[in-house]
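> Take this structure first; my questions come after.
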Amino acid sequence: MSLPILLRPDAVFDGEHRHAGWSVLVEGERIVAAGRDITGPPGTREIGLSGATVLPGLIDLHSHVLLHPYAERAWADQVLRDPEALRVARAVMALRRTLAAGFTTLRDLGTEGAGEADVGLRRAIDEGVIPGPRLICVTRAIVARGTYGPSGFASTCCVPQGAEEVDGPESILRVTRMQIARGADWIKVYADYRFGPGGDARPTFSQDELASIVRVAHDAGIPVAAHATTAEGMRRAALAGVQTIEHGNEGTLEVFELLAERGVAYVPTLAAYETLERIRGLGPDHPAVVAKRAAFAAARCSGVTIANGSDVGVFAHGDNARELELLTEHGLTPLEALRAATSTAARVLRRDDLGRICAGARADLIAVAGDPVAGIGALRSVRLVLKDGVDGPPDAAVERKAV
């Protein structure tokens, strides 16, 4: 059994508040004490962290570890041309970089054409085969037939899809149950997407269809996340009973108030859209950019729970902290952004052992140089990462450089 560890930083952010002069004592996989004047039993390993803040391991609620940054490899090429073994090998390195960057838990929202490879990666992490964050999987997202991609091929061609298609009540129930049987921790459904003659985003499922997915998932104790960029897709998903709405690009004050009323969390994925805007050459005055900012402002006014999720994979793994920087640029305080990536994200996951520093919580802890409550940029200077009380990865200083 490993020796107890006593962390002595300048301050501790416990998931809700900053406390100067606190220390944290870890034994095995758990925190046993946090506060002032803490001492460890004989043999305790003390780690002095002068000038640093200790905080809970960060949580990213929207990731795709099996995707490579779009600026380097187009999504369709990854789905159609890259063998799954290559994508898994890339994911192994992505997981190392993510952990080294201080993110100890990821909710991975779809393998995008790589089947159930996320479940295999989760097992490899849990069994200590590879280092990586705690991985929460959905396997393949659920989409309405003919609405996702890759698209644009002749109708006689049958090409691999980036998600699992359904096309009616029986199909919806079968696929939802099969994903749970294959190891999904959450179910993800695309409540809307770009399809039809104009290629505009529009709802892809009725409210009743979405509710049937939610009902099957909830019967198995599985929560549901909904990709929804349109106000109507968001409305239907919220009324159907999903737990989170991803993106929400066209959300209005009215629909965000509905989310707040029904306890649905909002995951804005600002970093991914910043990347897509750069790739597509969209300026700050482009209607889509303006709409995204307006939606976030409406969300802030509505009182909806805003949780951290970046859609990393669209951009470089290990650069997950960019989402928190953008949350503050869009109006959250650093304290609010830190909560979104710790205690709030843990509540969304229904995990009271994550996202906080207190006796009994899991020893997922990071130390950063400086004070992230004063300036969120401090998250870029990770000095220490513990996951379940274990240092890692051992060459973290090298791996923290995002690629």
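Every chain in the structure tokens takes a letter, A first, then B, and so on in the order presented; its residues are numbered from 1, and the ligands are numbered from 1 following the presented order.
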Find the residues around Arg30 of chain A up to 8 Å (only C-alpha atoms counted), leave out those fewer than 5 positions away in its own chain, and share them as a PyMOL selection string.

chain A and resi 359-363+388-389

> Run DSSP on the backbone of this structure and report the residues of segment 218-292 of chain A it assigns to alpha helix (DSSP H), as number ranges by chain.

A: 218-219, 231-240, 253-262, 270-280, 287-292

> If you keep C-alpha atoms, can you produce a file of those selected residues as a PDB file, in the first residue's frame?


```pdb
ATOM      1  CA  HIS A 218     -33.416   5.860 -17.226  1.00  0.00           C
ATOM      2  CA  ASP A 219     -34.881   2.409 -16.616  1.00  0.00           C
ATOM      3  CA  ALA A 231     -33.930  26.299 -29.872  1.00  0.00           C
ATOM      4  CA  GLU A 232     -36.546  23.738 -30.928  1.00  0.00           C
ATOM      5  CA  GLY A 233     -34.152  20.810 -30.606  1.00  0.00           C
ATOM      6  CA  MET A 234     -33.207  22.048 -27.144  1.00  0.00           C
ATOM      7  CA  ARG A 235     -36.846  22.464 -26.152  1.00  0.00           C
ATOM      8  CA  ARG A 236     -37.826  18.973 -27.258  1.00  0.00           C
ATOM      9  CA  ALA A 237     -34.827  17.389 -25.557  1.00  0.00           C
ATOM     10  CA  ALA A 238     -35.449  19.216 -22.282  1.00  0.00           C
ATOM     11  CA  LEU A 239     -39.122  18.240 -22.243  1.00  0.00           C
ATOM     12  CA  ALA A 240     -38.143  14.646 -23.059  1.00  0.00           C
ATOM     13  CA  LEU A 253     -33.703  33.097 -22.917  1.00  0.00           C
ATOM     14  CA  GLU A 254     -37.030  31.261 -22.947  1.00  0.00           C
ATOM     15  CA  VAL A 255     -35.509  27.884 -23.771  1.00  0.00           C
ATOM     16  CA  PHE A 256     -32.662  28.317 -21.274  1.00  0.00           C
ATOM     17  CA  GLU A 257     -35.229  29.156 -18.601  1.00  0.00           C
ATOM     18  CA  LEU A 258     -36.966  25.892 -19.507  1.00  0.00           C
ATOM     19  CA  LEU A 259     -33.672  24.045 -19.000  1.00  0.00           C
ATOM     20  CA  ALA A 260     -33.217  25.734 -15.636  1.00  0.00           C
ATOM     21  CA  GLU A 261     -36.761  24.861 -14.596  1.00  0.00           C
ATOM     22  CA  ARG A 262     -36.285  21.205 -15.505  1.00  0.00           C
ATOM     23  CA  LEU A 270     -17.054  27.298 -26.720  1.00  0.00           C
ATOM     24  CA  ALA A 271     -13.541  26.072 -27.520  1.00  0.00           C
ATOM     25  CA  ALA A 272     -14.672  23.781 -30.319  1.00  0.00           C
ATOM     26  CA  TYR A 273     -16.629  26.554 -32.002  1.00  0.00           C
ATOM     27  CA  GLU A 274     -13.688  28.929 -31.675  1.00  0.00           C
ATOM     28  CA  THR A 275     -11.655  26.323 -33.586  1.00  0.00           C
ATOM     29  CA  LEU A 276     -14.341  25.776 -36.229  1.00  0.00           C
ATOM     30  CA  GLU A 277     -14.724  29.519 -36.717  1.00  0.00           C
ATOM     31  CA  ARG A 278     -10.977  29.812 -37.318  1.00  0.00           C
ATOM     32  CA  ILE A 279     -10.923  26.875 -39.758  1.00  0.00           C
ATOM     33  CA  ARG A 280     -13.912  28.295 -41.672  1.00  0.00           C
ATOM     34  CA  PRO A 287     -24.110  35.667 -37.766  1.00  0.00           C
ATOM     35  CA  ALA A 288     -23.186  32.250 -36.362  1.00  0.00           C
ATOM     36  CA  VAL A 289     -20.516  33.758 -34.108  1.00  0.00           C
ATOM     37  CA  VAL A 290     -22.846  36.509 -32.921  1.00  0.00           C
ATOM     38  CA  ALA A 291     -25.619  33.972 -32.247  1.00  0.00           C
ATOM     39  CA  LYS A 292     -23.317  31.755 -30.157  1.00  0.00           C
TER      40      LYS A 292
END
```

> I need the residue nearest Trp186 of chain A from this list: A:Leu210, A:Ile172, A:Val224, A:Val79. Use only C-alpha atoms for the distance.

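Ranking A:Leu210, A:Ile172, A:Val224, A:Val79 by distance to Trp186 of chain A, first place goes to A:Val224.
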
> Which polymer residues have any atom within 8 Å of an atom of segment 110-121 of chain A, counting only C-alpha atoms, with same-chain residues fewer than 6 positions away left out, as a ChimeraX atom specification?

/A:64-67,79,84,87-88,92,137-141,160-163,182-184,188

> Which value, in Å to one decimal, gives the distance between atom CA of Thr44 of chain A and atom CA of Pro9 of chain A?

15.9 Å

> What is the distance, in Å and to one decimal place, between atom CA of Arg90 of chain A and atom CA of Leu386 of chain A?

23.0 Å

> Identify which of the residues A:Gly248, A:Pro133, A:Gly303, A:Pro41 lies closest to Tyr193 of chain A, counting only C-alpha atoms when measuring atom-to-atom distances.

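Answer, going by the shortest atom-to-atom distance: A:Gly248.
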
> What is the atom CA of Leu86 of chain A to atom CA of His68 of chain A distance in Å?

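It comes out at 10.6 Å.
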